[in-house]
Every structure is written in structure tokens, then in C-alpha cells.
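Here is the file protein_12.pdb (PDB, C-alpha atoms, pLDDT in the B column).
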```pdb
ATOM      1  CA  MET A  24     177.289 128.296 150.119  1.00 49.00           C
ATOM      2  CA  SER A  25     178.828 125.393 148.211  1.00 62.00           C
ATOM      3  CA  PHE A  26     179.186 125.127 144.452  1.00 68.00           C
ATOM      4  CA  SER A  27     176.463 123.226 142.616  1.00 72.00           C
ATOM      5  CA  LEU A  28     177.088 122.503 138.946  1.00 70.00           C
ATOM      6  CA  ASN A  29     173.408 121.738 138.421  1.00 70.00           C
ATOM      7  CA  ASP A  30     172.393 125.149 139.805  1.00 72.00           C
ATOM      8  CA  CYS A  31     174.989 126.879 137.623  1.00 69.00           C
ATOM      9  CA  TYR A  32     173.889 124.872 134.581  1.00 68.00           C
ATOM     10  CA  GLU A  33     170.272 125.891 135.164  1.00 72.00           C
ATOM     11  CA  ARG A  34     171.294 129.574 135.323  1.00 69.00           C
ATOM     12  CA  MET A  35     173.084 129.116 131.971  1.00 72.00           C
ATOM     13  CA  ASN A  36     169.919 127.795 130.289  1.00 72.00           C
ATOM     14  CA  GLU A  37     168.086 130.541 128.448  1.00 74.00           C
ATOM     15  CA  GLY A  38     165.890 130.467 125.357  1.00 76.00           C
ATOM     16  CA  GLU A  39     165.436 127.502 123.038  1.00 87.00           C
ATOM     17  CA  ILE A  40     168.360 125.113 123.532  1.00 88.00           C
ATOM     18  CA  ILE A  41     169.962 124.132 120.233  1.00 90.00           C
ATOM     19  CA  LEU A  42     172.756 122.081 121.774  1.00 90.00           C
ATOM     20  CA  SER A  43     174.090 121.517 125.266  1.00 90.00           C
ATOM     21  CA  PHE A  44     176.962 119.472 126.644  1.00 92.00           C
ATOM     22  CA  LYS A  45     178.534 118.649 130.019  1.00 88.00           C
ATOM     23  CA  GLY A  46     181.666 116.534 130.086  1.00 87.00           C
ATOM     24  CA  SER A  47     185.200 116.170 128.826  1.00 87.00           C
ATOM     25  CA  ILE A  48     186.128 118.791 126.227  1.00 89.00           C
ATOM     26  CA  THR A  49     188.279 117.204 123.520  1.00 89.00           C
ATOM     27  CA  ALA A  50     189.510 118.266 120.098  1.00 91.00           C
ATOM     28  CA  ASP A  51     187.294 115.620 118.478  1.00 94.00           C
ATOM     29  CA  LEU A  52     184.253 116.884 120.366  1.00 92.00           C
ATOM     30  CA  ILE A  53     184.889 120.447 119.207  1.00 93.00           C
ATOM     31  CA  THR A  54     185.284 119.318 115.592  1.00 93.00           C
ATOM     32  CA  ASN A  55     182.036 117.332 115.784  1.00 94.00           C
ATOM     33  CA  VAL A  56     180.097 120.158 117.460  1.00 93.00           C
ATOM     34  CA  LEU A  57     181.264 122.699 114.890  1.00 93.00           C
ATOM     35  CA  GLY A  58     180.252 120.378 112.059  1.00 92.00           C
ATOM     36  CA  LEU A  59     176.852 119.772 113.627  1.00 91.00           C
ATOM     37  CA  ILE A  60     176.177 123.463 114.219  1.00 90.00           C
ATOM     38  CA  GLU A  61     177.270 124.304 110.682  1.00 88.00           C
ATOM     39  CA  LEU A  62     174.722 121.800 109.341  1.00 88.00           C
ATOM     40  CA  LYS A  63     171.994 123.094 111.676  1.00 86.00           C
ATOM     41  CA  LEU A  64     172.644 126.685 110.598  1.00 85.00           C
ATOM     42  CA  GLU A  65     172.485 125.735 106.917  1.00 84.00           C
ATOM     43  CA  ASP A  66     168.971 124.376 107.539  1.00 83.00           C
ATOM     44  CA  THR A  67     167.778 127.681 108.972  1.00 82.00           C
ATOM     45  CA  GLU A  68     166.725 130.791 107.139  1.00 84.00           C
ATOM     46  CA  GLU A  69     169.171 132.776 109.225  1.00 87.00           C
ATOM     47  CA  ARG A  70     170.950 135.640 107.495  1.00 90.00           C
ATOM     48  CA  PRO A  71     174.469 134.664 106.347  1.00 90.00           C
ATOM     49  CA  ASN A  72     176.123 137.400 108.444  1.00 91.00           C
ATOM     50  CA  ILE A  73     174.422 136.080 111.619  1.00 92.00           C
ATOM     51  CA  ARG A  74     175.401 132.493 110.805  1.00 91.00           C
ATOM     52  CA  LYS A  75     179.003 133.570 110.237  1.00 92.00           C
ATOM     53  CA  ARG A  76     179.203 135.606 113.478  1.00 93.00           C
ATOM     54  CA  LEU A  77     177.576 132.817 115.489  1.00 94.00           C
ATOM     55  CA  TYR A  78     179.926 130.205 114.049  1.00 93.00           C
ATOM     56  CA  ASN A  79     183.049 132.346 114.616  1.00 94.00           C
ATOM     57  CA  VAL A  80     182.068 133.151 118.212  1.00 95.00           C
ATOM     58  CA  LEU A  81     181.327 129.474 118.806  1.00 95.00           C
ATOM     59  CA  VAL A  82     184.791 128.519 117.512  1.00 94.00           C
ATOM     60  CA  GLU A  83     186.443 131.002 119.915  1.00 93.00           C
ATOM     61  CA  SER A  84     184.247 129.898 122.824  1.00 94.00           C
ATOM     62  CA  LEU A  85     184.983 126.209 122.348  1.00 93.00           C
ATOM     63  CA  GLN A  86     188.692 126.854 121.852  1.00 91.00           C
ATOM     64  CA  ASN A  87     188.703 128.780 125.134  1.00 88.00           C
ATOM     65  CA  LEU A  88     187.071 125.812 126.851  1.00 88.00           C
ATOM     66  CA  PHE A  89     189.578 123.381 125.396  1.00 86.00           C
ATOM     67  CA  HIS A  90     192.740 125.432 125.924  1.00 83.00           C
ATOM     68  CA  HIS A  91     192.056 127.279 129.161  1.00 79.00           C
ATOM     69  CA  VAL A  92     190.627 124.674 131.499  1.00 75.00           C
ATOM     70  CA  ASP A  93     192.546 124.134 134.722  1.00 73.00           C
ATOM     71  CA  ASP A  94     191.910 120.549 135.587  1.00 65.00           C
ATOM     72  CA  PRO A  95     191.387 119.926 139.296  1.00 62.00           C
ATOM     73  CA  ASP A  96     191.304 116.245 140.225  1.00 64.00           C
ATOM     74  CA  LEU A  97     187.562 116.019 140.534  1.00 61.00           C
ATOM     75  CA  THR A  98     187.102 112.457 139.307  1.00 53.00           C
ATOM     76  CA  LEU A  99     186.023 111.420 142.801  1.00 45.00           C
ATOM     77  CA  GLN A 100     183.271 114.065 142.591  1.00 58.00           C
ATOM     78  CA  GLY A 101     182.069 112.703 139.234  1.00 60.00           C
ATOM     79  CA  PHE A 102     183.673 115.234 136.881  1.00 64.00           C
ATOM     80  CA  ASP A 103     185.545 114.141 133.754  1.00 66.00           C
ATOM     81  CA  HIS A 104     189.115 115.144 132.937  1.00 72.00           C
ATOM     82  CA  ASN A 105     189.060 118.527 131.082  1.00 81.00           C
ATOM     83  CA  PHE A 106     185.488 119.070 132.240  1.00 85.00           C
ATOM     84  CA  GLY A 107     183.507 121.833 130.595  1.00 89.00           C
ATOM     85  CA  VAL A 108     179.969 122.904 129.828  1.00 91.00           C
ATOM     86  CA  PHE A 109     178.505 124.688 126.834  1.00 93.00           C
ATOM     87  CA  ILE A 110     175.001 125.610 125.775  1.00 92.00           C
ATOM     88  CA  ILE A 111     173.954 127.153 122.486  1.00 93.00           C
ATOM     89  CA  SER A 112     170.496 128.733 122.615  1.00 92.00           C
ATOM     90  CA  ARG A 113     168.237 130.596 120.235  1.00 92.00           C
ATOM     91  CA  LEU A 114     166.716 133.713 121.739  1.00 92.00           C
ATOM     92  CA  LYS A 115     163.955 135.891 120.332  1.00 92.00           C
ATOM     93  CA  ASP A 116     166.570 138.480 119.302  1.00 92.00           C
ATOM     94  CA  GLY A 117     169.538 136.267 118.429  1.00 93.00           C
ATOM     95  CA  TYR A 118     171.647 133.545 120.033  1.00 94.00           C
ATOM     96  CA  LEU A 119     173.473 132.869 123.284  1.00 94.00           C
ATOM     97  CA  ILE A 120     176.651 130.842 123.661  1.00 95.00           C
ATOM     98  CA  SER A 121     177.230 130.005 127.298  1.00 95.00           C
ATOM     99  CA  THR A 122     180.364 128.162 128.432  1.00 94.00           C
ATOM    100  CA  GLY A 123     181.791 127.081 131.755  1.00 92.00           C
ATOM    101  CA  ASN A 124     185.000 125.484 132.984  1.00 90.00           C
ATOM    102  CA  PHE A 125     187.163 125.201 136.066  1.00 88.00           C
ATOM    103  CA  ILE A 126     190.041 127.614 136.563  1.00 89.00           C
ATOM    104  CA  LYS A 127     192.571 128.046 139.333  1.00 89.00           C
ATOM    105  CA  ALA A 128     191.332 130.642 141.819  1.00 92.00           C
ATOM    106  CA  GLU A 129     194.564 132.616 141.361  1.00 92.00           C
ATOM    107  CA  ARG A 130     193.602 133.269 137.685  1.00 91.00           C
ATOM    108  CA  LYS A 131     190.233 134.838 138.549  1.00 94.00           C
ATOM    109  CA  ALA A 132     191.565 138.379 139.028  1.00 94.00           C
ATOM    110  CA  LEU A 133     193.448 138.364 135.694  1.00 92.00           C
ATOM    111  CA  ILE A 134     190.454 137.032 133.753  1.00 93.00           C
ATOM    112  CA  LYS A 135     188.131 139.531 135.416  1.00 95.00           C
ATOM    113  CA  GLU A 136     190.566 142.376 134.667  1.00 93.00           C
ATOM    114  CA  ARG A 137     190.853 141.353 130.986  1.00 92.00           C
ATOM    115  CA  ILE A 138     187.102 141.074 130.458  1.00 95.00           C
ATOM    116  CA  ASP A 139     186.379 144.310 132.312  1.00 96.00           C
ATOM    117  CA  LYS A 140     188.967 146.079 130.135  1.00 95.00           C
ATOM    118  CA  ILE A 141     187.399 144.645 126.966  1.00 95.00           C
ATOM    119  CA  ASN A 142     183.903 145.598 128.157  1.00 97.00           C
ATOM    120  CA  SER A 143     185.007 149.184 128.787  1.00 97.00           C
ATOM    121  CA  LEU A 144     186.114 149.779 125.181  1.00 96.00           C
ATOM    122  CA  SER A 145     184.167 151.200 122.240  1.00 95.00           C
ATOM    123  CA  LYS A 146     184.045 149.364 118.903  1.00 93.00           C
ATOM    124  CA  ASP A 147     186.954 151.434 117.511  1.00 95.00           C
ATOM    125  CA  GLU A 148     188.944 151.054 120.724  1.00 95.00           C
ATOM    126  CA  LEU A 149     188.437 147.268 120.551  1.00 94.00           C
ATOM    127  CA  LYS A 150     189.950 147.203 117.052  1.00 93.00           C
ATOM    128  CA  GLU A 151     192.981 149.161 118.266  1.00 93.00           C
ATOM    129  CA  TYR A 152     193.309 147.039 121.408  1.00 92.00           C
ATOM    130  CA  TYR A 153     193.212 143.853 119.311  1.00 91.00           C
ATOM    131  CA  LYS A 154     196.076 145.168 117.155  1.00 90.00           C
ATOM    132  CA  PHE A 155     198.003 146.239 120.255  1.00 88.00           C
ATOM    133  CA  VAL A 156     197.637 142.830 121.931  1.00 86.00           C
ATOM    134  CA  LEU A 157     198.524 141.048 118.687  1.00 84.00           C
ATOM    135  CA  ASP A 158     201.699 143.127 118.298  1.00 83.00           C
ATOM    136  CA  ASN A 159     202.800 143.395 121.937  1.00 79.00           C
ATOM    137  CA  GLN A 160     201.518 140.566 124.110  1.00 67.00           C
ATOM    138  CA  LYS A 161     203.451 137.509 125.005  1.00 60.00           C
ATOM    139  CA  PHE A 162     201.526 134.398 124.129  1.00 53.00           C
ATOM    140  CA  SER A 163     201.110 131.818 126.843  1.00 53.00           C
ATOM    141  CA  GLU A 164     201.481 128.094 126.329  1.00 51.00           C
ATOM    142  CA  LYS A 165     197.664 128.001 126.236  1.00 52.00           C
ATOM    143  CA  GLY A 166     197.031 130.645 123.623  1.00 54.00           C
ATOM    144  CA  GLY A 167     196.868 134.192 122.436  1.00 55.00           C
ATOM    145  CA  GLY A 168     196.963 136.480 125.443  1.00 62.00           C
ATOM    146  CA  GLY A 169     193.231 137.249 125.419  1.00 78.00           C
ATOM    147  CA  LEU A 170     192.781 137.698 121.668  1.00 88.00           C
ATOM    148  CA  GLY A 171     189.809 135.317 121.593  1.00 90.00           C
ATOM    149  CA  LEU A 172     187.874 137.377 124.128  1.00 93.00           C
ATOM    150  CA  ILE A 173     188.628 140.585 122.233  1.00 94.00           C
ATOM    151  CA  ASP A 174     187.577 138.959 118.968  1.00 93.00           C
ATOM    152  CA  MET A 175     184.255 137.789 120.456  1.00 95.00           C
ATOM    153  CA  ALA A 176     183.506 141.292 121.744  1.00 95.00           C
ATOM    154  CA  LYS A 177     184.405 142.781 118.346  1.00 94.00           C
ATOM    155  CA  ARG A 178     182.220 140.340 116.426  1.00 93.00           C
ATOM    156  CA  THR A 179     179.189 140.725 118.669  1.00 94.00           C
ATOM    157  CA  SER A 180     179.439 144.440 119.536  1.00 89.00           C
ATOM    158  CA  ARG A 181     178.206 143.387 122.990  1.00 92.00           C
ATOM    159  CA  LYS A 182     179.653 143.269 126.456  1.00 95.00           C
ATOM    160  CA  LEU A 183     180.905 139.866 127.565  1.00 96.00           C
ATOM    161  CA  ASP A 184     178.792 138.578 130.449  1.00 96.00           C
ATOM    162  CA  TYR A 185     180.612 136.448 133.003  1.00 96.00           C
ATOM    163  CA  ALA A 186     180.444 134.999 136.506  1.00 94.00           C
ATOM    164  CA  PHE A 187     182.679 133.024 138.842  1.00 95.00           C
ATOM    165  CA  TYR A 188     181.446 130.355 141.265  1.00 91.00           C
ATOM    166  CA  GLN A 189     183.798 129.153 143.982  1.00 90.00           C
ATOM    167  CA  LEU A 190     184.334 125.398 144.041  1.00 84.00           C
ATOM    168  CA  ASN A 191     186.901 125.403 146.863  1.00 84.00           C
ATOM    169  CA  ALA A 192     189.923 127.441 147.989  1.00 87.00           C
ATOM    170  CA  LYS A 193     191.902 126.452 144.877  1.00 87.00           C
ATOM    171  CA  TYR A 194     189.343 126.429 142.052  1.00 87.00           C
ATOM    172  CA  GLU A 195     186.538 128.510 140.577  1.00 89.00           C
ATOM    173  CA  PHE A 196     183.973 127.658 137.930  1.00 90.00           C
ATOM    174  CA  PHE A 197     184.123 130.344 135.228  1.00 93.00           C
ATOM    175  CA  ASN A 198     180.951 130.999 133.218  1.00 94.00           C
ATOM    176  CA  LEU A 199     181.085 133.164 130.068  1.00 96.00           C
ATOM    177  CA  ASN A 200     177.956 134.204 128.169  1.00 95.00           C
ATOM    178  CA  VAL A 201     178.284 135.697 124.691  1.00 96.00           C
ATOM    179  CA  TYR A 202     175.238 137.100 122.900  1.00 96.00           C
ATOM    180  CA  VAL A 203     175.101 137.146 119.099  1.00 95.00           C
ATOM    181  CA  LEU A 204     172.125 139.418 118.452  1.00 92.00           C
ATOM    182  CA  TYR A 205     170.381 140.357 115.234  1.00 88.00           C
ATOM    183  CA  ASN A 206     170.900 144.120 115.531  1.00 78.00           C
TER     184      ASN A 206
END
```
What does this structure look like when you write it as C-alpha cells?
Amino acid sequence: MSFSLNDCYERMNEGEIILSFKGSITADLITNVLGLIELKLEDTEERPNIRKRLYNVLVESLQNLFHHVDDPDLTLQGFDHNFGVFIISRLKDGYLISTGNFIKAERKALIKERIDKINSLSKDELKEYYKFVLDNQKFSEKGGGGLGLIDMAKRTSRKLDYAFYQLNAKYEFFNLNVYVLYN
């Protein structure tokens, strides 16, 4: 079965869409999206702690998209440079931030291992693991050795939901779903 971005995008859609984007992820785009979401959240009657958690998780999610995309040359297939997808949805019990980007297939096992490790930890264990990674991990040229994923799990007290979709032998499309729920 071949990869279909439209099929993947449809699977990412859930709830009432607040904002969605497919295209080149740039620093300016992230700044604009964060400003827009901040304004939208101010216009809601959402509790301040939910607004803060949603905003912080959104910052981490968009930074992951920007810093951790592996950019296959897909311009002939209609994809922009630094291509990514994100959807922010309101659910009946909170919010969903769903992101997607291309990664090298060789990185899949490491990402899966990191997320599975994070998902296996209790709230207290996550706090300790965050400190451990902060004190002991080597930071890559792209970022903080998985700190963003740990931080999202800590802030949401939920498991990180993820999937990989094979594009070809060299690349996968990585989809991460983070739920910011009311309880």
C-alpha cells in the first residue's frame, strides 16, 4: 500500500477544527500561528490552566515540526521544502494537537523507542526522567534529546499517540497526536 497524505490527513482530523495547515513549516509561520491561537484562546471562556497547557504543548509540537523534519526532495511530488502538517481541534473533553512530518526511515526505531519509554512512565517518573535527560543527554544539532516529548507528556498527563506511514524505502511520515484534556 502506498502512502497517501490525504488519507493520513483525514485520519488526523478529529473534533471541531480550530486551525489546520499543510505546507512549508517556517519560523515566521510558527510565530504567526502562536499569535493567532493566543488571540483565539483569549476569546474563549476556557480555564486559564487549560489555555496555558494547550499553548505550551502547541509550542513544543510546532518546534518539533520545525526542527525535526527530514526533508526528502519531494518537490516533484508537490510537497514544499520543510513540509509539515498540523491540526488543532476542539474535542468535547479538551483539545487535540496533531502534527505530521517526514523523517528518515532509519530514525523511526529511535523515535518509537523514546515515545514508548515516555509512555511507560508514571507522572513522578516522568519528572525524574526529564531531569535525568536534561542533566545527562547530549543535545543534537536539532534540539534537546527528546525533552520536548517528555515535557508534552508531563503537561498533559496523557500517553503520546503516534503512527508512522511509509513513504518509500528512505522516508516515513511521522504523525504525533497530543491530547490536552480537561481532567
Residues selected by the PyMOL selection byres ((chain A and resi 189-194) around 7), written as a PyMOL selection string: chain A and resi 25-26+125-128+187-188+195-196
How many Å lie between atom CA of Val201 of chain A and atom CA of Phe44 of chain A, rounded to one decimal?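 So the answer is 16.4 Å.
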7 Å contact set for segment 152-158 of chain A, all atoms listed in the file, chain neighbours under 4 positions out, as a list of chain:residue names: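 After dropping sequence-adjacent residues, the list is A:Glu148, A:Leu170, A:Ile173.
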Atom CA of Gly123 of chain A to atom CA of Asn159 of chain A, distance in Å rounded to a single decimal: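 Computing it gives 28.4 Å between the two atoms.
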On this file, the PyMOL selection byres ((chain A and resi 109) around 10) gives some set of residues; write that set as JSON, numbers by chain. {"A": [32, 35, 36, 42, 43, 44, 45, 46, 48, 81, 84, 85, 88, 107, 108, 110, 111, 112, 120, 121, 122, 123, 124, 198, 199, 200]}
Name the residues captured by the PyMOL selection byres ((chain A and resi 50) around 12) when it is applied to the shown file; answer as a ChimeraX atom specification. /A:47-49,51-57,82,85-90,105
Go ahead and fit an axis-aligned box to every listed atom of segment 32-50 of chain A plus 8 Å each side, and pass me the centre and edge lengths in Å, one decimal, as lines of an AutoDock Vina configuration file.
```
center_x = 177.5
center_y = 123.4
center_z = 127.7
size_x = 40.1
size_y = 30.4
size_z = 31.2
```
Taking only C-alpha atoms into account, name the residue in A:Thr179, A:Leu172, A:Lys135, A:Glu33 that is nearest to Phe197 of chain A.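 Among A:Thr179, A:Leu172, A:Lys135, A:Glu33, it is A:Lys135 that comes nearest to Phe197 of chain A.
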Which residue out of A:Asn206, A:Gly58, A:Tyr118, A:Ala186 has the minimum interatomic distance to Leu77 of chain A when all atoms listed in the file are used?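 Nearest to Leu77 of chain A: A:Tyr118.
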The residues within 6 Å of (173.2, 137.7, 121.8), using all atoms listed in the file and the coordinates of the file, should be reported as a VMD selection string; which are they? chain A and resid 117 to 119 202 to 204
As an exercise, work out the distance from atom CA of Leu149 of chain A to atom CA of Ser180 of chain A in Å and give it to one decimal place.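 Between atom CA of Leu149 of chain A and atom CA of Ser180 of chain A the gap is 9.5 Å.
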With only C-alpha atoms as the basis for distance, which of A:Glu68, A:Tyr205, A:Asp147, A:Lys140 is at the shortest distance from Leu183 of chain A?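 Of all the options, A:Lys140 lies closest to Leu183 of chain A.
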Distance criterion (only C-alpha atoms): nearest to Phe106 of chain A out of A:Glu37, A:Glu136, A:Asp93, A:Glu69: A:Asp93
Pick the closest to Arg181 of chain A from A:Arg113, A:Lys75, A:Lys146, A:Lys63: which is it, counting only C-alpha atoms?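 Among the listed residues, A:Lys146 lies closest to Arg181 of chain A.
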Counting all atoms listed in the file, which residue out of A:Ile40, A:Met175, A:His104, A:Asp139 sits closest to Tyr78 of chain A?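 Comparing A:Ile40, A:Met175, A:His104, A:Asp139 against Tyr78 of chain A, the winner is A:Met175.
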